[in-house]
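A.B. asks: Please find one structure pasted underneath; my questions will follow.
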Amino acid sequence: MAAGVSAGRRPLIAIPARFSRGATALRYAAEVSARALVEAVFAAGGEPVTVHPHAPGGRVDVAAAARRLAFAHGVLLPGGGDVSGLWSGRPDDATAYDVDVEQDGFDLAVARFALGRGVPLLAVCRGLQVVNVARGGTLRTDMSGGAGDAGHHRHRVHRLTAAPGSLLAGLAGGELEVSCYHHQCLDTLGAGLRPVASAADGVVEAVELAGAPGWFLGVQWHPEDGAARLPAQQAIFDGLADAARQVAGGLPRISGVPSTARSGAGRVSAP
């Protein structure tokens, strides 16, 4: 567990980088984090720290992840490319993109480390899928075969109702309109995971973990898409930062950072 931080400092939120074939500001392959995501963490009072994913051959080394993330007061598993079907015992679908078993192996190790040690963990989109696999669940590797709107969760905004009494409802309110971009989704739920919000087509959109030793929330949508203008979406990041602040020894709030208490929902636009 990370050591405490002196007053006035931000809790450190570890964010595994995403491998990218290139970035406009760089000449070669890159490791990146979404700007809106890190800005939402910073706005919540956290200090986002990008971490290099290292898992040669896709080895899931929880002990190595624990050593490298010992500094962290919280963890955010972000969105990204598809999770390899091999972790669910299935071949990769022809529609799979940006599959990287080293990325998978590191993310799986980080998820198991955070959940096992009780380090506050927010899992977004791909991150939620990683957590499900880490808990022994499986993924539906492509959703595009559904009839009508079913399966179409790319550039999609839709409404959700958070389960009463859930962490999600307490943070963001009971009614939410969310921005999705994914074609994989949870299939069999991993051990202890319980759905707290689902889309109209039955796709699980948010989970919590029964008996979790620390703060945990997994969402299938991208709350960062509207966090800068919608309190209900920013509240999800605020919740992570608040939990991390407690791990860091009860750090006071950074001046100007609002409370996680929210009511109602905001409207979002597809990315």
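In the structure tokens, each chain is lettered A, B, ... as it comes, each chain's residues begin at 1, and ligands are numbered from 1 in order of appearance.
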With only C-alpha atoms as the counted atoms, please give the residues lying no more than 9 Å from region 28-35 of chain A, apart from itself and same-chain residues fewer than 5 positions off, as a ChimeraX atom specification.

C.D. replies: /A:15-23,40,50,52-53,78-79,224

A.B. asks: Just checking: using only C-alpha atoms, which residue out of A:Ala70, A:Ala55, A:Leu77, A:Ala248 ends up closest to Leu37 (chain A)?

C.D. replies: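 Once distances to Leu37 (chain A) are computed over only C-alpha atoms, the minimum belongs to A:Leu77.
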
A.B. asks: Pick out the residues sitting within 7 Å of region 206-223 of chain A, and hand them over as a PyMOL selection string; count only C-alpha atoms, and ignore anything fewer than 3 positions along from it in its own chain.

C.D. replies: chain A and resi 118-125+128+178-181+192-198+226-227+233+243

A.B. asks: Taking only region 125-244 of chain A into account, list the residues labelled strand (DSSP E or B) by DSSP (computed from the backbone), as a ChimeraX atom specification.

C.D. replies: /A:139-140,153-161,175-182,185-186,193-198,204-209,216-219

A.B. asks: Just the selected residues (N, CA and C atoms), exported as an mmCIF file, in the first residue's frame, please.

C.D. replies:
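Resulting contents of again_32.cif:
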```cif
data_model
loop_
_atom_site.group_PDB
_atom_site.id
_atom_site.type_symbol
_atom_site.label_atom_id
_atom_site.label_comp_id
_atom_site.auth_asym_id
_atom_site.auth_seq_id
_atom_site.Cartn_x
_atom_site.Cartn_y
_atom_site.Cartn_z
ATOM 1 N N LEU A 139 -15.951 -12.794 -22.182
ATOM 2 C CA LEU A 139 -16.406 -11.677 -22.987
ATOM 3 C C LEU A 139 -17.109 -12.168 -24.238
ATOM 4 N N ARG A 140 -18.074 -11.397 -24.673
ATOM 5 C CA ARG A 140 -18.637 -11.554 -26.004
ATOM 6 C C ARG A 140 -17.737 -10.745 -26.922
ATOM 7 N N HIS A 153 -23.049 -0.364 -30.157
ATOM 8 C CA HIS A 153 -22.641 0.464 -29.023
ATOM 9 C C HIS A 153 -21.431 1.320 -29.367
ATOM 10 N N ARG A 154 -21.221 1.577 -30.655
ATOM 11 C CA ARG A 154 -20.170 2.494 -31.075
ATOM 12 C C ARG A 154 -20.803 3.840 -31.393
ATOM 13 N N HIS A 155 -20.192 4.890 -30.863
ATOM 14 C CA HIS A 155 -20.742 6.251 -31.055
ATOM 15 C C HIS A 155 -22.227 6.259 -30.688
ATOM 16 N N ARG A 156 -22.544 5.677 -29.559
ATOM 17 C CA ARG A 156 -23.947 5.574 -29.150
ATOM 18 C C ARG A 156 -24.161 6.238 -27.796
ATOM 19 N N VAL A 157 -25.195 7.026 -27.713
ATOM 20 C CA VAL A 157 -25.621 7.612 -26.442
ATOM 21 C C VAL A 157 -26.944 6.979 -26.067
ATOM 22 N N HIS A 158 -27.065 6.486 -24.848
ATOM 23 C CA HIS A 158 -28.315 5.855 -24.416
ATOM 24 C C HIS A 158 -28.502 6.049 -22.918
ATOM 25 N N ARG A 159 -29.679 5.728 -22.463
ATOM 26 C CA ARG A 159 -30.038 5.962 -21.066
ATOM 27 C C ARG A 159 -29.868 4.702 -20.231
ATOM 28 N N LEU A 160 -29.537 4.916 -18.967
ATOM 29 C CA LEU A 160 -29.373 3.841 -17.990
ATOM 30 C C LEU A 160 -30.061 4.234 -16.696
ATOM 31 N N THR A 161 -30.440 3.229 -15.927
ATOM 32 C CA THR A 161 -30.913 3.439 -14.561
ATOM 33 C C THR A 161 -29.995 2.683 -13.625
ATOM 34 N N GLU A 175 -30.631 8.166 -12.720
ATOM 35 C CA GLU A 175 -30.865 8.168 -14.166
ATOM 36 C C GLU A 175 -29.668 8.799 -14.867
ATOM 37 N N LEU A 176 -29.120 8.078 -15.836
ATOM 38 C CA LEU A 176 -27.931 8.541 -16.539
ATOM 39 C C LEU A 176 -28.112 8.423 -18.044
ATOM 40 N N GLU A 177 -27.510 9.325 -18.762
ATOM 41 C CA GLU A 177 -27.393 9.206 -20.204
ATOM 42 C C GLU A 177 -25.909 9.124 -20.499
ATOM 43 N N VAL A 178 -25.482 8.040 -21.176
ATOM 44 C CA VAL A 178 -24.066 7.720 -21.244
ATOM 45 C C VAL A 178 -23.587 7.583 -22.686
ATOM 46 N N SER A 179 -22.288 7.793 -22.868
ATOM 47 C CA SER A 179 -21.651 7.751 -24.182
ATOM 48 C C SER A 179 -20.813 6.483 -24.300
ATOM 49 N N CYS A 180 -21.168 5.628 -25.259
ATOM 50 C CA CYS A 180 -20.504 4.333 -25.418
ATOM 51 C C CYS A 180 -19.696 4.271 -26.708
ATOM 52 N N TYR A 181 -18.625 3.492 -26.656
ATOM 53 C CA TYR A 181 -17.897 3.139 -27.860
ATOM 54 C C TYR A 181 -17.227 1.786 -27.606
ATOM 55 N N HIS A 182 -17.942 0.708 -27.927
ATOM 56 C CA HIS A 182 -17.375 -0.626 -27.750
ATOM 57 C C HIS A 182 -18.149 -1.622 -28.609
ATOM 58 N N CYS A 185 -18.333 -6.935 -25.072
ATOM 59 C CA CYS A 185 -19.070 -6.680 -23.834
ATOM 60 C C CYS A 185 -18.928 -7.883 -22.911
ATOM 61 N N LEU A 186 -19.406 -7.730 -21.683
ATOM 62 C CA LEU A 186 -19.355 -8.825 -20.725
ATOM 63 C C LEU A 186 -20.321 -9.920 -21.156
ATOM 64 N N LEU A 193 -18.864 -10.243 -9.143
ATOM 65 C CA LEU A 193 -19.335 -9.047 -9.836
ATOM 66 C C LEU A 193 -20.851 -9.055 -9.944
ATOM 67 N N ARG A 194 -21.453 -7.910 -9.680
ATOM 68 C CA ARG A 194 -22.902 -7.798 -9.802
ATOM 69 C C ARG A 194 -23.251 -6.590 -10.649
ATOM 70 N N PRO A 195 -24.158 -6.764 -11.603
ATOM 71 C CA PRO A 195 -24.532 -5.628 -12.459
ATOM 72 C C PRO A 195 -25.345 -4.607 -11.683
ATOM 73 N N VAL A 196 -25.044 -3.335 -11.887
ATOM 74 C CA VAL A 196 -25.803 -2.257 -11.241
ATOM 75 C C VAL A 196 -26.411 -1.309 -12.272
ATOM 76 N N ALA A 197 -26.164 -1.572 -13.560
ATOM 77 C CA ALA A 197 -26.817 -0.827 -14.634
ATOM 78 C C ALA A 197 -26.654 -1.617 -15.922
ATOM 79 N N SER A 198 -27.711 -1.641 -16.740
ATOM 80 C CA SER A 198 -27.679 -2.347 -18.023
ATOM 81 C C SER A 198 -28.361 -1.504 -19.083
ATOM 82 N N VAL A 204 -24.630 -5.446 -19.985
ATOM 83 C CA VAL A 204 -24.251 -4.927 -18.673
ATOM 84 C C VAL A 204 -23.356 -3.714 -18.867
ATOM 85 N N GLU A 205 -23.724 -2.609 -18.248
ATOM 86 C CA GLU A 205 -23.004 -1.349 -18.432
ATOM 87 C C GLU A 205 -22.254 -0.883 -17.185
ATOM 88 N N ALA A 206 -22.539 -1.468 -16.040
ATOM 89 C CA ALA A 206 -21.800 -1.108 -14.828
ATOM 90 C C ALA A 206 -21.862 -2.259 -13.848
ATOM 91 N N VAL A 207 -20.750 -2.482 -13.137
ATOM 92 C CA VAL A 207 -20.686 -3.541 -12.139
ATOM 93 C C VAL A 207 -20.012 -3.025 -10.882
ATOM 94 N N GLU A 208 -20.345 -3.668 -9.785
ATOM 95 C CA GLU A 208 -19.643 -3.496 -8.525
ATOM 96 C C GLU A 208 -19.239 -4.875 -8.032
ATOM 97 N N LEU A 209 -18.401 -4.950 -7.016
ATOM 98 C CA LEU A 209 -17.862 -6.223 -6.534
ATOM 99 C C LEU A 209 -18.307 -6.472 -5.112
ATOM 100 N N PHE A 216 -14.401 0.120 -5.562
ATOM 101 C CA PHE A 216 -14.335 -0.374 -6.937
ATOM 102 C C PHE A 216 -15.617 -0.043 -7.679
ATOM 103 N N LEU A 217 -15.442 0.426 -8.923
ATOM 104 C CA LEU A 217 -16.559 0.626 -9.829
ATOM 105 C C LEU A 217 -16.073 0.355 -11.244
ATOM 106 N N GLY A 218 -16.859 -0.405 -12.004
ATOM 107 C CA GLY A 218 -16.554 -0.655 -13.403
ATOM 108 C C GLY A 218 -17.696 -0.184 -14.274
ATOM 109 N N VAL A 219 -17.393 0.611 -15.302
ATOM 110 C CA VAL A 219 -18.418 1.120 -16.214
ATOM 111 C C VAL A 219 -18.024 0.804 -17.649
#
```

A.B. asks: Just how far from CA of Gly174 (chain A) is CA of Arg245 (chain A), in Å to one decimal?

C.D. replies: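 Computing it gives 25.1 Å between the two atoms.
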
A.B. asks: Extract, using only C-alpha atoms, all DNA, RNA and protein residues at most 12 Å from Leu108 (chain A), discarding same-chain residues fewer than 3 positions from it, and format them as a PyMOL selection string.

C.D. replies: chain A and resi 16+53-55+58-66+77+83-84+87+101-105+111-116+123+126-136

A.B. asks: Figure out the distance between CA of Val99 (chain A) and CA of Leu26 (chain A), please, to one decimal in Å.

C.D. replies: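 Between these atoms lies a distance of 21.5 Å.
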
A.B. asks: Could you pull out the residues in region 28-235 of chain A that DSSP calls alpha helix (DSSP H) from the backbone, as a PyMOL selection string?

C.D. replies: chain A and resi 35-43+62-68+101-117+126-134+167-172+231-235

A.B. asks: Using N, CA and C atoms, can you export the residues from the last selection as a compact mmCIF listing (two decimals), in the first residue's frame?

C.D. replies:
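After the write, again.txt holds the following:
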```
# COMPACT_ATOMS: atom_id res chain seq x y z
N ARG A 35 -6.60 12.34 -23.26
CA ARG A 35 -6.50 13.64 -22.57
C ARG A 35 -7.72 13.89 -21.70
N ALA A 36 -8.92 13.60 -22.20
CA ALA A 36 -10.13 13.86 -21.41
C ALA A 36 -10.13 13.03 -20.13
N LEU A 37 -9.55 11.83 -20.19
CA LEU A 37 -9.51 10.95 -19.03
C LEU A 37 -8.60 11.52 -17.95
N VAL A 38 -7.37 11.89 -18.32
CA VAL A 38 -6.45 12.41 -17.32
C VAL A 38 -6.91 13.76 -16.80
N GLU A 39 -7.57 14.55 -17.66
CA GLU A 39 -8.09 15.83 -17.18
C GLU A 39 -9.21 15.63 -16.16
N ALA A 40 -10.03 14.58 -16.35
CA ALA A 40 -11.09 14.30 -15.39
C ALA A 40 -10.51 13.88 -14.04
N VAL A 41 -9.44 13.08 -14.06
CA VAL A 41 -8.77 12.70 -12.82
C VAL A 41 -8.18 13.92 -12.13
N PHE A 42 -7.54 14.79 -12.91
CA PHE A 42 -6.94 16.00 -12.34
C PHE A 42 -8.00 16.93 -11.78
N ALA A 43 -9.12 17.06 -12.50
CA ALA A 43 -10.22 17.91 -12.02
C ALA A 43 -10.81 17.39 -10.72
N VAL A 62 1.33 -10.62 -11.15
CA VAL A 62 0.70 -9.74 -10.16
C VAL A 62 1.74 -9.18 -9.19
N ALA A 63 2.72 -10.00 -8.82
CA ALA A 63 3.75 -9.53 -7.88
C ALA A 63 4.55 -8.37 -8.49
N ALA A 64 4.87 -8.47 -9.78
CA ALA A 64 5.61 -7.39 -10.43
C ALA A 64 4.76 -6.13 -10.50
N ALA A 65 3.47 -6.27 -10.80
CA ALA A 65 2.58 -5.12 -10.84
C ALA A 65 2.49 -4.48 -9.46
N ALA A 66 2.44 -5.30 -8.42
CA ALA A 66 2.35 -4.78 -7.06
C ALA A 66 3.60 -3.97 -6.70
N ARG A 67 4.76 -4.43 -7.11
CA ARG A 67 5.99 -3.68 -6.82
C ARG A 67 6.00 -2.35 -7.56
N ARG A 68 5.59 -2.37 -8.82
CA ARG A 68 5.65 -1.16 -9.62
C ARG A 68 4.60 -0.13 -9.22
N VAL A 101 -1.41 -8.80 -26.52
CA VAL A 101 -1.43 -9.65 -25.32
C VAL A 101 -0.54 -9.10 -24.22
N GLU A 102 0.49 -8.31 -24.56
CA GLU A 102 1.29 -7.70 -23.50
C GLU A 102 0.47 -6.66 -22.75
N GLN A 103 -0.29 -5.85 -23.49
CA GLN A 103 -1.20 -4.91 -22.85
C GLN A 103 -2.19 -5.64 -21.96
N ASP A 104 -2.75 -6.73 -22.48
CA ASP A 104 -3.71 -7.53 -21.70
C ASP A 104 -3.08 -8.06 -20.43
N GLY A 105 -1.89 -8.66 -20.58
CA GLY A 105 -1.24 -9.28 -19.43
C GLY A 105 -0.98 -8.29 -18.32
N PHE A 106 -0.51 -7.09 -18.71
CA PHE A 106 -0.24 -6.07 -17.69
C PHE A 106 -1.54 -5.60 -17.04
N ASP A 107 -2.56 -5.32 -17.84
CA ASP A 107 -3.83 -4.86 -17.29
C ASP A 107 -4.44 -5.89 -16.35
N LEU A 108 -4.36 -7.16 -16.73
CA LEU A 108 -4.90 -8.22 -15.86
C LEU A 108 -4.15 -8.26 -14.54
N ALA A 109 -2.83 -8.12 -14.59
CA ALA A 109 -2.05 -8.11 -13.36
C ALA A 109 -2.41 -6.92 -12.48
N VAL A 110 -2.59 -5.75 -13.11
CA VAL A 110 -2.96 -4.54 -12.37
C VAL A 110 -4.33 -4.71 -11.71
N ALA A 111 -5.28 -5.27 -12.45
CA ALA A 111 -6.63 -5.49 -11.90
C ALA A 111 -6.57 -6.42 -10.70
N ARG A 112 -5.84 -7.51 -10.81
CA ARG A 112 -5.76 -8.46 -9.70
C ARG A 112 -5.04 -7.86 -8.50
N PHE A 113 -4.01 -7.07 -8.78
CA PHE A 113 -3.31 -6.38 -7.69
C PHE A 113 -4.24 -5.43 -6.96
N ALA A 114 -4.92 -4.55 -7.69
CA ALA A 114 -5.76 -3.54 -7.05
C ALA A 114 -6.91 -4.17 -6.28
N LEU A 115 -7.59 -5.13 -6.91
CA LEU A 115 -8.72 -5.76 -6.23
C LEU A 115 -8.27 -6.59 -5.03
N GLY A 116 -7.12 -7.22 -5.16
CA GLY A 116 -6.62 -8.04 -4.05
C GLY A 116 -6.14 -7.23 -2.87
N ARG A 117 -5.55 -6.06 -3.13
CA ARG A 117 -5.00 -5.22 -2.07
C ARG A 117 -5.99 -4.17 -1.56
N ARG A 126 -12.86 -0.91 -21.83
CA ARG A 126 -11.97 -2.07 -21.87
C ARG A 126 -11.55 -2.47 -20.45
N GLY A 127 -11.31 -1.47 -19.59
CA GLY A 127 -10.90 -1.76 -18.22
C GLY A 127 -11.90 -2.64 -17.50
N LEU A 128 -13.20 -2.39 -17.71
CA LEU A 128 -14.23 -3.24 -17.11
C LEU A 128 -14.13 -4.65 -17.66
N GLN A 129 -13.90 -4.79 -18.96
CA GLN A 129 -13.78 -6.11 -19.56
C GLN A 129 -12.57 -6.86 -18.99
N VAL A 130 -11.48 -6.14 -18.76
CA VAL A 130 -10.30 -6.74 -18.15
C VAL A 130 -10.62 -7.26 -16.75
N VAL A 131 -11.31 -6.45 -15.96
CA VAL A 131 -11.68 -6.88 -14.61
C VAL A 131 -12.54 -8.14 -14.65
N ASN A 132 -13.48 -8.17 -15.58
CA ASN A 132 -14.34 -9.35 -15.69
C ASN A 132 -13.52 -10.61 -15.98
N VAL A 133 -12.58 -10.51 -16.90
CA VAL A 133 -11.71 -11.64 -17.21
C VAL A 133 -10.84 -11.99 -16.01
N ALA A 134 -10.31 -10.98 -15.33
CA ALA A 134 -9.48 -11.22 -14.15
C ALA A 134 -10.22 -11.96 -13.05
N LEU A 167 -23.19 2.05 -5.45
CA LEU A 167 -22.18 3.09 -5.44
C LEU A 167 -22.39 4.05 -6.61
N LEU A 168 -22.70 3.49 -7.78
CA LEU A 168 -22.93 4.32 -8.96
C LEU A 168 -24.06 5.30 -8.74
N ALA A 169 -25.18 4.84 -8.20
CA ALA A 169 -26.32 5.72 -7.95
C ALA A 169 -25.96 6.81 -6.95
N GLY A 170 -25.18 6.45 -5.94
CA GLY A 170 -24.78 7.43 -4.94
C GLY A 170 -23.89 8.52 -5.50
N LEU A 171 -23.08 8.16 -6.49
CA LEU A 171 -22.17 9.13 -7.09
C LEU A 171 -22.84 9.98 -8.16
N ALA A 172 -23.52 9.32 -9.09
CA ALA A 172 -23.96 9.99 -10.32
C ALA A 172 -25.46 10.16 -10.44
N PRO A 231 -21.71 17.22 -14.33
CA PRO A 231 -21.35 16.78 -12.99
C PRO A 231 -21.60 15.29 -12.73
N ALA A 232 -22.64 14.72 -13.32
CA ALA A 232 -22.93 13.31 -13.08
C ALA A 232 -21.81 12.40 -13.59
N GLN A 233 -21.15 12.79 -14.69
CA GLN A 233 -20.04 12.00 -15.22
C GLN A 233 -18.75 12.29 -14.47
N GLN A 234 -18.50 13.53 -14.15
CA GLN A 234 -17.30 13.88 -13.39
C GLN A 234 -17.33 13.25 -12.00
N ALA A 235 -18.52 13.06 -11.45
CA ALA A 235 -18.66 12.49 -10.11
C ALA A 235 -18.03 11.11 -10.00
```

A.B. asks: For a quick check of understanding, using only C-alpha atoms, which of A:Gln246, A:Leu69, A:Leu230, A:Ala14 has the smallest distance to Val49 (chain A)?

C.D. replies: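 Nearest candidate to Val49 (chain A) out of A:Gln246, A:Leu69, A:Leu230, A:Ala14: A:Ala14.
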